[in-house]
file coords-v4.txt (compact mmCIF, C-alpha atoms and all ligand atoms)
# COMPACT_ATOMS: atom_id res chain seq x y z
CA MET A 1 77.60 114.44 93.84
CA THR A 2 79.62 117.26 95.29
CA ILE A 3 82.83 117.82 93.51
CA MET A 4 85.46 119.38 95.71
CA SER A 5 88.38 118.71 93.44
CA VAL A 6 89.01 117.26 90.06
CA GLN A 7 92.62 116.48 90.79
CA CYS A 8 92.03 113.01 92.05
CA LEU A 9 91.48 109.51 90.83
CA LYS A 10 88.26 107.83 91.72
CA TYR A 11 87.94 104.46 93.35
CA SER A 12 85.15 102.83 95.26
CA VAL A 13 85.16 101.86 98.89
CA THR A 14 82.48 99.99 100.66
CA LYS A 15 82.91 101.47 104.09
CA LEU A 16 81.77 104.94 105.07
CA LEU A 17 84.42 104.75 107.76
CA LEU A 18 87.18 105.26 105.25
CA PHE A 19 85.82 108.67 104.45
CA ALA A 20 86.18 109.66 108.07
CA LEU A 21 89.79 108.53 107.97
CA LEU A 22 90.54 110.43 104.80
CA ALA A 23 88.57 113.58 105.44
CA HIS A 24 91.38 115.53 107.10
CA GLN A 25 94.05 114.70 104.64
CA GLN A 26 95.89 117.33 102.74
CA PHE A 27 94.51 116.42 99.33
CA ASN A 28 90.98 117.12 98.31
CA TYR A 29 88.66 114.20 98.00
CA ILE A 30 85.40 113.51 96.37
CA PHE A 31 82.93 111.69 98.50
CA THR A 32 79.46 110.76 97.47
CA ALA A 33 77.19 109.36 100.13
CA ASN A 34 75.04 107.35 97.75
CA THR A 35 77.82 105.77 95.72
CA GLU A 36 80.23 105.51 98.65
CA SER A 37 83.21 106.63 96.67
CA VAL A 38 86.23 108.72 97.44
CA GLU A 39 88.98 109.99 95.24
CA VAL A 40 92.68 109.67 95.79
CA PRO A 41 95.40 111.69 94.09
CA PHE A 42 96.82 110.25 90.90
CA PHE A 43 100.49 109.52 91.12
CA PHE A 44 102.79 108.38 88.37
CA SER A 45 104.65 105.19 88.99
CA CYS A 46 108.40 105.49 88.91
CA GLN A 47 111.38 103.19 88.86
CA LEU A 48 113.58 102.42 91.87
CA ILE A 49 116.90 100.64 91.52
CA ASN A 50 115.44 97.54 93.18
CA ASP A 51 112.38 97.64 90.89
CA ALA A 52 109.98 97.78 93.86
CA ASP A 53 106.49 99.17 93.11
CA ALA A 54 106.85 102.91 93.59
CA TYR A 55 105.11 106.21 92.99
CA CYS A 56 106.49 109.66 92.32
CA VAL A 57 105.19 111.84 95.18
CA PRO A 58 106.13 115.04 97.03
CA ILE A 59 108.73 114.06 99.67
CA LYS A 60 106.41 114.98 102.52
CA ASN A 61 104.07 112.25 101.32
CA CYS A 62 106.80 109.62 101.50
CA GLN A 63 107.57 108.00 104.83
CA ILE A 64 111.26 107.41 104.18
CA ASP A 65 113.78 108.02 106.87
CA LEU A 66 115.07 111.39 105.77
CA LYS A 67 118.02 111.30 108.15
CA SER A 68 119.41 108.22 106.47
CA LEU A 69 119.24 109.87 103.03
CA ASN A 70 122.29 111.73 101.84
CA GLU A 71 122.23 114.18 98.93
CA SER A 72 123.06 111.54 96.32
CA ASP A 73 120.41 109.08 97.63
CA LEU A 74 117.93 111.90 97.34
CA ASN A 75 119.03 112.77 93.84
CA GLU A 76 118.71 109.15 92.85
CA ARG A 77 115.13 109.16 94.08
CA ARG A 78 114.18 112.41 92.39
CA CYS A 79 111.48 111.80 89.83
CA GLY A 80 110.21 115.26 89.01
CA PRO A 81 111.70 118.08 86.97
CA SER A 82 115.09 119.14 88.36
CA ASN A 83 113.94 122.68 89.13
CA GLU A 84 111.32 121.23 91.48
CA ASN A 85 110.62 123.06 94.76
CA ARG A 86 113.71 122.35 96.94
CA LYS A 87 111.79 121.93 100.17
CA ASN A 88 109.31 119.42 98.82
CA PRO A 89 110.85 117.74 95.77
CA LEU A 90 109.16 114.87 93.99
CA VAL A 91 110.74 111.58 95.02
CA CYS A 92 110.24 107.99 93.96
CA CYS A 93 108.66 106.33 96.98
CA GLU A 94 107.88 102.64 97.62
CA THR A 95 104.07 102.31 97.44
CA ASN A 96 103.91 101.03 101.02
CA LEU A 97 105.64 104.21 102.21
CA VAL A 98 103.30 106.63 100.44
CA VAL A 99 101.16 108.57 102.89
CA PHE A 100 98.40 111.04 102.24
CA SER A 101 98.55 112.43 105.75
CA GLN A 102 100.27 111.66 109.02
CA PRO A 103 99.78 109.38 110.79
CA LYS A 104 97.00 107.58 108.93
CA THR A 105 98.45 105.80 105.96
CA THR A 106 97.00 104.46 102.79
CA THR A 107 98.36 103.84 99.33
CA PRO A 108 96.86 104.54 95.94
CA THR A 109 94.55 101.70 95.08
CA SER A 110 94.97 99.38 92.17
CA SER A 111 92.86 101.70 90.03
CA ALA A 112 95.66 104.25 90.33
CA LYS A 113 98.13 101.68 89.04
CA CYS A 114 99.47 102.08 85.56
CA GLY A 115 100.25 99.46 82.97
CA VAL A 116 97.94 96.81 84.35
CA GLN A 117 95.54 94.81 82.21
CA SER A 118 92.94 93.26 84.43
CA ILE A 119 90.87 90.95 82.30
CA VAL A 120 93.13 89.85 79.52
CA SER A 121 93.52 86.12 79.08
CA ASN A 122 96.44 86.36 76.66
CA ARG A 123 94.99 83.52 74.67
CA ILE A 124 95.98 84.96 71.31
CA ILE A 125 99.72 84.40 71.50
CA GLY A 126 101.49 85.82 68.50
CA GLY A 127 98.11 86.49 66.94
CA GLU A 128 97.09 89.56 65.06
CA THR A 129 93.83 90.60 66.68
CA ALA A 130 94.14 92.13 70.15
CA GLU A 131 91.70 91.15 72.88
CA GLU A 132 88.91 93.51 73.81
CA ALA A 133 90.43 94.70 77.10
CA GLU A 134 93.99 94.51 75.89
CA PHE A 135 96.06 97.72 75.99
CA PRO A 136 93.29 99.72 77.74
CA TRP A 137 95.39 102.89 77.41
CA LEU A 138 94.98 103.09 73.63
CA GLY A 139 92.89 105.98 72.41
CA ARG A 140 91.64 106.96 68.98
CA ILE A 141 92.14 110.64 68.24
CA LEU A 142 89.03 111.99 66.57
CA ARG A 143 88.74 115.10 64.41
CA ARG A 144 85.51 116.68 63.23
CA ASP A 145 85.29 117.72 59.61
CA SER A 146 83.25 120.58 58.16
CA ILE A 147 80.09 118.48 57.94
CA GLY A 148 80.46 117.22 61.50
CA ASP A 149 81.67 113.70 60.66
CA LEU A 150 84.20 112.23 63.08
CA ILE A 151 87.48 111.25 61.46
CA PHE A 152 90.03 108.92 63.06
CA SER A 153 93.38 110.55 62.47
CA CYS A 154 95.95 109.20 64.90
CA THR A 155 96.43 107.08 68.00
CA GLY A 156 97.08 108.33 71.52
CA THR A 157 98.06 106.76 74.83
CA LEU A 158 96.35 107.44 78.15
CA ILE A 159 99.11 108.20 80.70
CA HIS A 160 96.99 109.89 83.39
CA PRO A 161 93.20 110.07 83.82
CA ASN A 162 93.02 113.17 81.67
CA VAL A 163 96.23 113.25 79.70
CA VAL A 164 96.81 111.49 76.38
CA LEU A 165 100.29 111.22 74.91
CA THR A 166 100.58 111.38 71.14
CA ALA A 167 102.90 112.51 68.33
CA ALA A 168 103.34 116.23 67.63
CA HIS A 169 102.76 115.68 63.89
CA CYS A 170 99.26 114.40 64.77
CA LEU A 171 98.32 117.86 66.04
CA GLU A 172 99.92 120.14 63.47
CA SER A 173 97.91 122.53 61.36
CA LYS A 174 97.98 120.47 58.17
CA GLU A 175 95.90 117.87 60.04
CA LEU A 176 93.33 120.61 60.63
CA VAL A 177 93.13 121.26 56.91
CA GLU A 178 93.01 117.57 55.96
CA ASN A 179 90.84 116.04 58.69
CA GLY A 180 89.16 118.91 60.53
CA GLU A 181 89.41 120.30 64.05
CA LEU A 182 90.70 118.21 66.92
CA TYR A 183 87.62 117.04 68.78
CA ALA A 184 87.96 114.14 71.22
CA VAL A 185 89.80 110.99 72.21
CA SER A 186 87.85 107.78 72.19
CA LEU A 187 89.02 105.34 74.87
CA GLY A 188 88.00 101.75 75.56
CA GLU A 189 87.48 100.91 71.89
CA HIS A 190 88.09 97.59 70.23
CA GLU A 191 85.95 96.94 67.19
CA THR A 192 85.18 100.35 65.80
CA SER A 193 82.35 99.19 63.56
CA CYS A 194 80.45 98.04 66.64
CA SER A 195 77.10 99.80 66.72
CA SER A 196 74.56 97.56 68.40
CA PRO A 197 73.28 99.54 71.41
CA ASP A 198 73.41 96.60 73.81
CA SER A 199 76.80 95.22 72.92
CA SER A 200 79.58 95.59 75.47
CA CYS A 201 81.84 97.41 73.03
CA LEU A 202 79.64 100.49 73.27
CA ASN A 203 79.37 100.31 77.05
CA ASN A 204 83.12 100.24 77.42
CA LYS A 205 83.77 103.22 75.20
CA GLN A 206 84.44 106.67 76.65
CA THR A 207 84.67 109.53 74.20
CA ILE A 208 86.18 112.50 76.01
CA VAL A 209 86.36 115.95 74.46
CA VAL A 210 89.75 117.65 74.17
CA SER A 211 90.35 120.66 76.36
CA GLU A 212 93.76 121.70 75.04
CA TYR A 213 97.03 120.31 73.77
CA VAL A 214 100.73 121.00 74.17
CA ILE A 215 103.23 120.30 71.39
CA HIS A 216 106.85 119.79 72.42
CA PRO A 217 108.56 123.18 72.02
CA ASP A 218 111.47 121.67 70.04
CA TYR A 219 109.32 119.96 67.42
CA ASP A 220 109.81 121.37 63.95
CA SER A 221 107.14 120.31 61.50
CA ASN A 222 109.42 121.03 58.55
CA SER A 223 112.16 118.69 59.71
CA TYR A 224 112.66 115.43 57.85
CA ASN A 225 113.52 113.50 60.97
CA HIS A 226 110.53 114.62 63.06
CA ALA A 227 112.78 115.07 66.09
CA ASN A 228 110.80 115.69 69.32
CA ASP A 229 107.61 114.44 67.65
CA ILE A 230 105.71 114.33 70.93
CA SER A 231 102.69 116.14 72.35
CA LEU A 232 100.11 115.91 75.10
CA ILE A 233 96.35 116.23 74.87
CA ILE A 234 94.54 117.38 77.99
CA LEU A 235 91.02 116.00 78.17
CA LYS A 236 88.10 118.09 79.44
CA ASN A 237 87.07 115.35 81.87
CA ARG A 238 88.97 112.63 83.59
CA ALA A 239 88.56 109.16 82.16
CA ASN A 240 86.72 106.73 84.35
CA ILE A 241 89.29 104.03 85.13
CA THR A 242 87.78 100.66 84.18
CA ASP A 243 88.97 97.29 82.87
CA TYR A 244 88.79 98.81 79.38
CA VAL A 245 90.22 102.26 80.08
CA SER A 246 93.33 102.73 82.23
CA PRO A 247 96.71 104.44 81.93
CA ILE A 248 100.03 102.89 80.88
CA CYS A 249 103.28 103.49 82.81
CA LEU A 250 106.00 105.67 81.32
CA LEU A 251 109.43 104.13 80.88
CA GLU A 252 111.70 106.49 82.78
CA LYS A 253 115.14 105.09 82.09
CA ASN A 254 116.51 103.45 78.99
CA ALA A 255 116.15 99.73 79.43
CA ASN A 256 117.50 96.70 77.66
CA VAL A 257 114.37 95.63 75.84
CA VAL A 258 114.28 92.33 73.97
CA GLU A 259 110.97 92.82 72.24
CA TYR A 260 108.39 95.54 71.87
CA THR A 261 104.66 95.27 71.33
CA VAL A 262 102.67 97.68 69.19
CA SER A 263 98.92 97.82 68.80
CA GLY A 264 96.31 99.95 67.10
CA TRP A 265 93.88 100.52 64.27
CA GLY A 266 96.38 101.75 61.67
CA ARG A 267 96.75 100.76 58.03
CA THR A 268 97.08 97.04 57.36
CA ASN A 269 98.11 95.14 54.25
CA ASN A 270 94.57 95.25 52.97
CA GLU A 271 92.78 98.19 54.56
CA SER A 272 93.57 101.91 54.94
CA SER A 273 92.74 101.49 58.61
CA SER A 274 91.69 98.49 60.64
CA VAL A 275 88.21 98.23 62.19
CA ILE A 276 89.56 95.97 64.89
CA LYS A 277 92.43 96.56 67.29
CA LYS A 278 95.50 94.68 66.07
CA LYS A 279 98.77 93.90 67.79
CA THR A 280 102.19 92.66 66.84
CA VAL A 281 105.55 92.05 68.44
CA ILE A 282 108.63 93.71 66.94
CA PRO A 283 112.33 93.54 67.82
CA PRO A 284 114.51 96.51 68.78
CA TYR A 285 116.77 97.62 65.90
CA SER A 286 120.35 98.82 66.27
CA TRP A 287 120.38 102.64 66.46
CA THR A 288 123.65 102.80 64.51
CA LEU A 289 122.45 100.64 61.62
CA CYS A 290 119.10 102.40 61.63
CA SER A 291 120.62 105.87 61.51
CA GLN A 292 122.90 104.79 58.62
CA LYS A 293 119.90 103.43 56.76
CA TYR A 294 117.88 106.62 57.24
CA GLN A 295 120.87 108.80 56.38
CA SER A 296 120.70 107.24 52.91
CA VAL A 297 117.38 109.06 52.43
CA ASN A 298 118.71 112.23 54.13
CA VAL A 299 116.95 111.66 57.42
CA THR A 300 119.20 112.18 60.46
CA ILE A 301 118.03 110.11 63.38
CA THR A 302 118.75 111.75 66.76
CA LYS A 303 119.75 110.10 70.04
CA LYS A 304 116.26 110.82 71.37
CA GLN A 305 114.74 108.51 68.77
CA ILE A 306 114.75 104.74 68.80
CA CYS A 307 114.27 102.24 66.03
CA ALA A 308 112.26 99.04 66.12
CA GLY A 309 110.98 96.51 63.63
CA GLY A 310 112.61 96.33 60.23
CA VAL A 311 111.00 92.92 59.87
CA ARG A 312 108.87 92.09 56.84
CA GLY A 313 105.16 92.43 57.52
CA LYS A 314 105.43 93.47 61.18
CA ASP A 315 105.31 97.20 61.74
CA THR A 316 103.26 100.18 62.71
CA CYS A 317 101.78 102.15 59.84
CA GLN A 318 99.63 105.17 58.93
CA GLY A 319 97.08 105.79 61.69
CA ASP A 320 99.25 104.19 64.36
CA SER A 321 101.18 107.43 64.79
CA GLY A 322 101.09 108.77 68.31
CA GLY A 323 100.49 105.31 69.72
CA PRO A 324 102.88 103.56 72.11
CA LEU A 325 105.87 101.31 71.58
CA MET A 326 105.25 99.07 74.57
CA THR A 327 107.31 96.82 76.75
CA LEU A 328 106.29 94.51 79.58
CA LYS A 329 108.39 94.66 82.74
CA ASN A 330 107.61 92.96 86.05
CA GLY A 331 104.04 92.39 84.99
CA ARG A 332 103.38 95.98 83.99
CA TRP A 333 103.23 97.62 80.60
CA TYR A 334 105.42 100.64 79.92
CA ALA A 335 105.36 103.09 77.03
CA ALA A 336 108.94 103.16 75.75
CA GLY A 337 108.30 105.11 72.58
CA VAL A 338 105.81 107.09 70.50
CA VAL A 339 105.10 105.99 66.91
CA SER A 340 106.54 108.72 64.68
CA ILE A 341 107.82 108.01 61.14
CA GLY A 342 108.87 105.25 58.79
CA VAL A 343 109.70 104.49 55.17
CA GLY A 344 106.75 102.53 53.86
CA CYS A 345 105.45 99.98 56.32
CA GLY A 346 106.62 96.47 57.09
CA THR A 347 109.56 96.60 54.71
CA GLU A 348 112.49 94.36 55.58
CA GLY A 349 115.47 96.46 56.71
CA TRP A 350 113.45 99.65 57.28
CA PRO A 351 112.68 99.90 60.99
CA GLY A 352 110.06 102.35 62.27
CA ILE A 353 111.23 105.44 64.14
CA TYR A 354 109.87 106.08 67.64
CA ILE A 355 110.37 108.99 70.02
CA ASN A 356 112.33 107.68 73.04
CA ILE A 357 110.05 108.35 76.02
CA PRO A 358 112.70 108.27 78.80
CA ASN A 359 114.14 111.46 77.25
CA TYR A 360 110.80 113.24 77.65
CA VAL A 361 109.49 112.10 81.05
CA ASP A 362 110.62 115.30 82.78
CA TRP A 363 108.88 117.40 80.13
CA ILE A 364 105.68 115.33 80.42
CA LYS A 365 105.63 115.62 84.22
CA GLU A 366 106.35 119.33 84.06
CA VAL A 367 103.39 119.92 81.69
CA ILE A 368 101.13 117.92 83.99
CA ARG A 369 102.36 119.91 86.99
CA VAL A 370 101.97 123.26 85.26
CA LYS A 371 98.46 122.34 84.14
CA ASN A 372 97.71 121.52 87.76
CA LEU A 373 96.63 117.98 87.02
CA LEU A 374 98.68 116.01 89.54
N1 LIG B 401 103.63 108.60 60.27
C1 LIG B 401 102.71 107.53 60.43
C2 LIG B 401 101.39 108.04 61.01
O1 LIG B 401 101.18 109.23 60.95
C3 LIG B 401 103.31 106.39 61.21
C4 LIG B 401 104.39 105.78 60.46
C5 LIG B 401 105.02 104.64 61.10
N2 LIG B 401 105.63 103.93 60.02
C6 LIG B 401 106.35 102.82 60.14
N3 LIG B 401 106.77 102.24 59.09
N4 LIG B 401 106.62 102.34 61.33
O2 LIG B 401 100.50 107.30 61.35
call {"tool": "encode", "arguments": {"input": "coords-v4.txt", "output": "structure tokens"}}
result
Amino acid sequence: MTIMSVQCLKYSVTKLLLFALLAHQQFNYIFTANTESVEVPFFFSCQLINDADAYCVPIKNCQIDLKSLNESDLNERRCGPSNENRKNPLVCCETNLVVFSQPKTTTPTSSAKCGVQSIVSNRIIGGETAEEAEFPWLGRILRRDSIGDLIFSCTGTLIHPNVVLTAAHCLESKELVENGELYAVSLGEHETSCSSPDSSCLNNKQTIVVSEYVIHPDYDSNSYNHANDISLIILKNRANITDYVSPICLLEKNANVVEYTVSGWGRTNNESSSVIKKKTVIPPYSWTLCSQKYQSVNVTITKKQICAGGVRGKDTCQGDSGGPLMTLKNGRWYAAGVVSIGVGCGTEGWPGIYINIPNYVDWIKEVIRVKNLL
């Protein structure tokens, strides 16, 4: 296989013809004659007022009628950092208007879609154990201790083929001392004790080594409240997007959420961590009541943190940190928060604290742009 660019997302096509159509486009593509595959750029999805399926793309890749757009329409569509190149800003573009080159048009394929679970039957309603292909964006952050053993330390969320979102406290130096050096993120896992070589759980797993990480510049590890407890791990290789491994969407604007879902391998009532992926549904919790509650233990909750849970027995816990607070909207899953701190776990009246993702989307996109991953 000849790799011309690593900045693209792979999908398969059956016709060689498509390559001919795509070959002159402005993005670089991978094409392999024997596997008949091409790559398309990875775009983040974004939210339009009318909730149409949309991607955040450079304006020249969006076939909107520019003449009919005034300055405020344009600002409303902006989806990248505000200091974005004025001539070619990132705009939120309906998927059917996204073009890779003029005049031939195509849109990112379903494999570039975020927040989609392809083979989940949703049989286990309200149950505790998640299905194998459920929440395919969940990753286990692995550290390597001094004798080479792999230690599961935190959870992460795949938001792009080689970017994993997690909590900043998961990557701070005391973790290095306690659990060893940051090594890899394991994606596509379900039952972690699975070891039989021919079982599907091993086939679906992708362990990808960490290339580097970026901690939010405003995170202070000495703070009680863990404000800005958010970081990004850049993987050495792009994840292969499959039914078991695919990215979640990022919630861009604060939304009125009625219930959140959390999932992971964190501490349970009986075990220090769970061997099987668990899930639970938790309610949002009033920010005002939550901040009063936490103030009683001298923790000041900021406006960039949200509270959820506070229900007996339903909560995230140790090991779930860095994982997503999820919400389902128009058939897609969005990461609304990052698991950060709590007082105990599953205690009535003590909601968990989550970093509010909409406040950090610009930062996340900027890191991805700077790292040249778009
Ligand atoms: N700090 C914990 C971790 O590192 C997560 C705590 C979440 N606690 C809670 N009660 N919601 O895994």
call {"tool": "atom_distance", "arguments": {"input": "coords-v4.txt", "atom1": "atom CA of Lys253 of chain A", "atom2": "atom CA of Asp65 of chain A"}}
result
25.0 Å
call {"tool": "closest_residue", "arguments": {"input": "coords-v4.txt", "among": "A:Cys317, A:Val338, A:Leu202, A:Val177", "to": "ligand LIG 401 (chain B)", "atoms": "all atoms listed in the file"}}
result
A:Cys317
call {"tool": "residues_near_point", "arguments": {"input": "coords-v4.txt", "point": "(95.6, 92.8, 69.3)", "cutoff": "12 Å", "atoms": "only C-alpha atoms", "output": "number ranges by chain"}}
result
A: 120, 122-136, 138, 189-191, 261-266, 274-281
call {"tool": "write_last_selection", "arguments": {"input": "coords-v4.txt", "atoms": "C-alpha atoms", "output": "mmCIF file, keeping the file's coordinate frame"}}
result
data_model
loop_
_atom_site.group_PDB
_atom_site.id
_atom_site.type_symbol
_atom_site.label_atom_id
_atom_site.label_comp_id
_atom_site.auth_asym_id
_atom_site.auth_seq_id
_atom_site.Cartn_x
_atom_site.Cartn_y
_atom_site.Cartn_z
ATOM 1 C CA VAL A 120 93.130 89.850 79.520
ATOM 2 C CA ASN A 122 96.440 86.360 76.660
ATOM 3 C CA ARG A 123 94.990 83.520 74.670
ATOM 4 C CA ILE A 124 95.980 84.960 71.310
ATOM 5 C CA ILE A 125 99.720 84.400 71.500
ATOM 6 C CA GLY A 126 101.490 85.820 68.500
ATOM 7 C CA GLY A 127 98.110 86.490 66.940
ATOM 8 C CA GLU A 128 97.090 89.560 65.060
ATOM 9 C CA THR A 129 93.830 90.600 66.680
ATOM 10 C CA ALA A 130 94.140 92.130 70.150
ATOM 11 C CA GLU A 131 91.700 91.150 72.880
ATOM 12 C CA GLU A 132 88.910 93.510 73.810
ATOM 13 C CA ALA A 133 90.430 94.700 77.100
ATOM 14 C CA GLU A 134 93.990 94.510 75.890
ATOM 15 C CA PHE A 135 96.060 97.720 75.990
ATOM 16 C CA PRO A 136 93.290 99.720 77.740
ATOM 17 C CA LEU A 138 94.980 103.090 73.630
ATOM 18 C CA GLU A 189 87.480 100.910 71.890
ATOM 19 C CA HIS A 190 88.090 97.590 70.230
ATOM 20 C CA GLU A 191 85.950 96.940 67.190
ATOM 21 C CA THR A 261 104.660 95.270 71.330
ATOM 22 C CA VAL A 262 102.670 97.680 69.190
ATOM 23 C CA SER A 263 98.920 97.820 68.800
ATOM 24 C CA GLY A 264 96.310 99.950 67.100
ATOM 25 C CA TRP A 265 93.880 100.520 64.270
ATOM 26 C CA GLY A 266 96.380 101.750 61.670
ATOM 27 C CA SER A 274 91.690 98.490 60.640
ATOM 28 C CA VAL A 275 88.210 98.230 62.190
ATOM 29 C CA ILE A 276 89.560 95.970 64.890
ATOM 30 C CA LYS A 277 92.430 96.560 67.290
ATOM 31 C CA LYS A 278 95.500 94.680 66.070
ATOM 32 C CA LYS A 279 98.770 93.900 67.790
ATOM 33 C CA THR A 280 102.190 92.660 66.840
ATOM 34 C CA VAL A 281 105.550 92.050 68.440
#
call {"tool": "residues_near_ligand", "arguments": {"input": "coords-v4.txt", "ligand": "ligand LIG 401 (chain B)", "cutoff": "7 Å", "atoms": "all atoms listed in the file", "output": "list in words"}}
result
Cys154, Cys170, Gly266, Asp315, Thr316, Cys317, Gln318, Gly319, Asp320, Ser321, Val339, Ser340, Ile341, Gly342, Val343, Gly344, Cys345, Gly346, Pro351, Gly352 and Ile353 of chain A
call {"tool": "atom_distance", "arguments": {"input": "coords-v4.txt", "atom1": "atom CA of Val116 of chain A", "atom2": "atom CA of Gly80 of chain A"}}
result
22.6 Å
call {"tool": "closest_residue", "arguments": {"input": "coords-v4.txt", "among": "A:Asn240, A:Asn256, A:Ser223, A:Thr155", "to": "Ile141 of chain A", "atoms": "all atoms listed in the file"}}
result
A:Thr155
call {"tool": "atom_distance", "arguments": {"input": "coords-v4.txt", "atom1": "atom CA of Gly337 of chain A", "atom2": "atom CA of Glu181 of chain A"}}
result
25.7 Å
call {"tool": "closest_residue", "arguments": {"input": "coords-v4.txt", "among": "A:Cys290, A:Leu251, A:Ile301, A:Val367", "to": "Glu212 of chain A", "atoms": "all atoms listed in the file"}}
result
A:Val367
call {"tool": "axis_aligned_box", "arguments": {"input": "coords-v4.txt", "around": "segment 317-324 of chain A", "padding_each_side": "8 Å", "output": "lines of an AutoDock Vina configuration file"}}
result
center_x = 100.0
center_y = 105.5
center_z = 65.5
size_x = 21.8
size_y = 22.6
size_z = 29.2
call {"tool": "closest_residue", "arguments": {"input": "coords-v4.txt", "among": "A:Ser153, A:Asn50, A:Asn162, A:Asn179", "to": "Gly322 of chain A", "atoms": "all atoms listed in the file"}}
result
A:Ser153
call {"tool": "closest_atom_pairs", "arguments": {"input": "coords-v4.txt", "of": "segment 211-284 of chain A", "to": "segment 291-299 of chain A", "cutoff": "12 Å", "atoms": "only C-alpha atoms", "output": "CSV"}}
result
residue,atom,partner,partner_atom,distance
A:Ser223,CA,A:Val299,CA,8.8
A:Tyr224,CA,A:Val299,CA,5.7
A:Asn225,CA,A:Val299,CA,5.3
A:His226,CA,A:Val299,CA,9.0
A:Ala227,CA,A:Val299,CA,10.2
call {"tool": "residues_around", "arguments": {"input": "coords-v4.txt", "residues": "Ile306 of chain A", "least_positions_apart": "3", "cutoff": "8 Å", "atoms": "all atoms listed in the file", "output": "compact mmCIF listing (two decimals) with C-alpha atoms, in the frame of the given file"}}
result
# COMPACT_ATOMS: atom_id res chain seq x y z
CA TYR A 285 116.77 97.62 65.90
CA TRP A 287 120.38 102.64 66.46
CA LYS A 303 119.75 110.10 70.04
CA GLY A 337 108.30 105.11 72.58
CA ILE A 353 111.23 105.44 64.14
CA TYR A 354 109.87 106.08 67.64
CA ILE A 355 110.37 108.99 70.02
CA ASN A 356 112.33 107.68 73.04
call {"tool": "residues_around", "arguments": {"input": "coords-v4.txt", "residues": "Cys56 of chain A", "least_positions_apart": "6", "cutoff": "10 Å", "atoms": "all atoms listed in the file", "output": "mmCIF file with C-alpha atoms, in the coordinates of the input"}}
result
data_model
loop_
_atom_site.group_PDB
_atom_site.id
_atom_site.type_symbol
_atom_site.label_atom_id
_atom_site.label_comp_id
_atom_site.auth_asym_id
_atom_site.auth_seq_id
_atom_site.Cartn_x
_atom_site.Cartn_y
_atom_site.Cartn_z
ATOM 1 C CA PHE A 42 96.820 110.250 90.900
ATOM 2 C CA PHE A 43 100.490 109.520 91.120
ATOM 3 C CA PHE A 44 102.790 108.380 88.370
ATOM 4 C CA SER A 45 104.650 105.190 88.990
ATOM 5 C CA CYS A 46 108.400 105.490 88.910
ATOM 6 C CA GLN A 47 111.380 103.190 88.860
ATOM 7 C CA CYS A 62 106.800 109.620 101.500
ATOM 8 C CA ARG A 77 115.130 109.160 94.080
ATOM 9 C CA ARG A 78 114.180 112.410 92.390
ATOM 10 C CA CYS A 79 111.480 111.800 89.830
ATOM 11 C CA GLY A 80 110.210 115.260 89.010
ATOM 12 C CA PRO A 89 110.850 117.740 95.770
ATOM 13 C CA LEU A 90 109.160 114.870 93.990
ATOM 14 C CA VAL A 91 110.740 111.580 95.020
ATOM 15 C CA CYS A 92 110.240 107.990 93.960
ATOM 16 C CA CYS A 93 108.660 106.330 96.980
ATOM 17 C CA GLU A 94 107.880 102.640 97.620
ATOM 18 C CA THR A 95 104.070 102.310 97.440
ATOM 19 C CA VAL A 98 103.300 106.630 100.440
#
call {"tool": "residues_near_point", "arguments": {"input": "coords-v4.txt", "point": "(94.2, 117.1, 79.3)", "cutoff": "8 Å", "atoms": "all atoms listed in the file", "output": "mmCIF file with C-alpha atoms, in the coordinates of the input"}}
result
data_model
loop_
_atom_site.group_PDB
_atom_site.id
_atom_site.type_symbol
_atom_site.label_atom_id
_atom_site.label_comp_id
_atom_site.auth_asym_id
_atom_site.auth_seq_id
_atom_site.Cartn_x
_atom_site.Cartn_y
_atom_site.Cartn_z
ATOM 1 C CA ASN A 162 93.020 113.170 81.670
ATOM 2 C CA VAL A 163 96.230 113.250 79.700
ATOM 3 C CA VAL A 164 96.810 111.490 76.380
ATOM 4 C CA VAL A 210 89.750 117.650 74.170
ATOM 5 C CA SER A 211 90.350 120.660 76.360
ATOM 6 C CA GLU A 212 93.760 121.700 75.040
ATOM 7 C CA TYR A 213 97.030 120.310 73.770
ATOM 8 C CA LEU A 232 100.110 115.910 75.100
ATOM 9 C CA ILE A 233 96.350 116.230 74.870
ATOM 10 C CA ILE A 234 94.540 117.380 77.990
ATOM 11 C CA LEU A 235 91.020 116.000 78.170
ATOM 12 C CA LYS A 236 88.100 118.090 79.440
ATOM 13 C CA ASN A 237 87.070 115.350 81.870
#
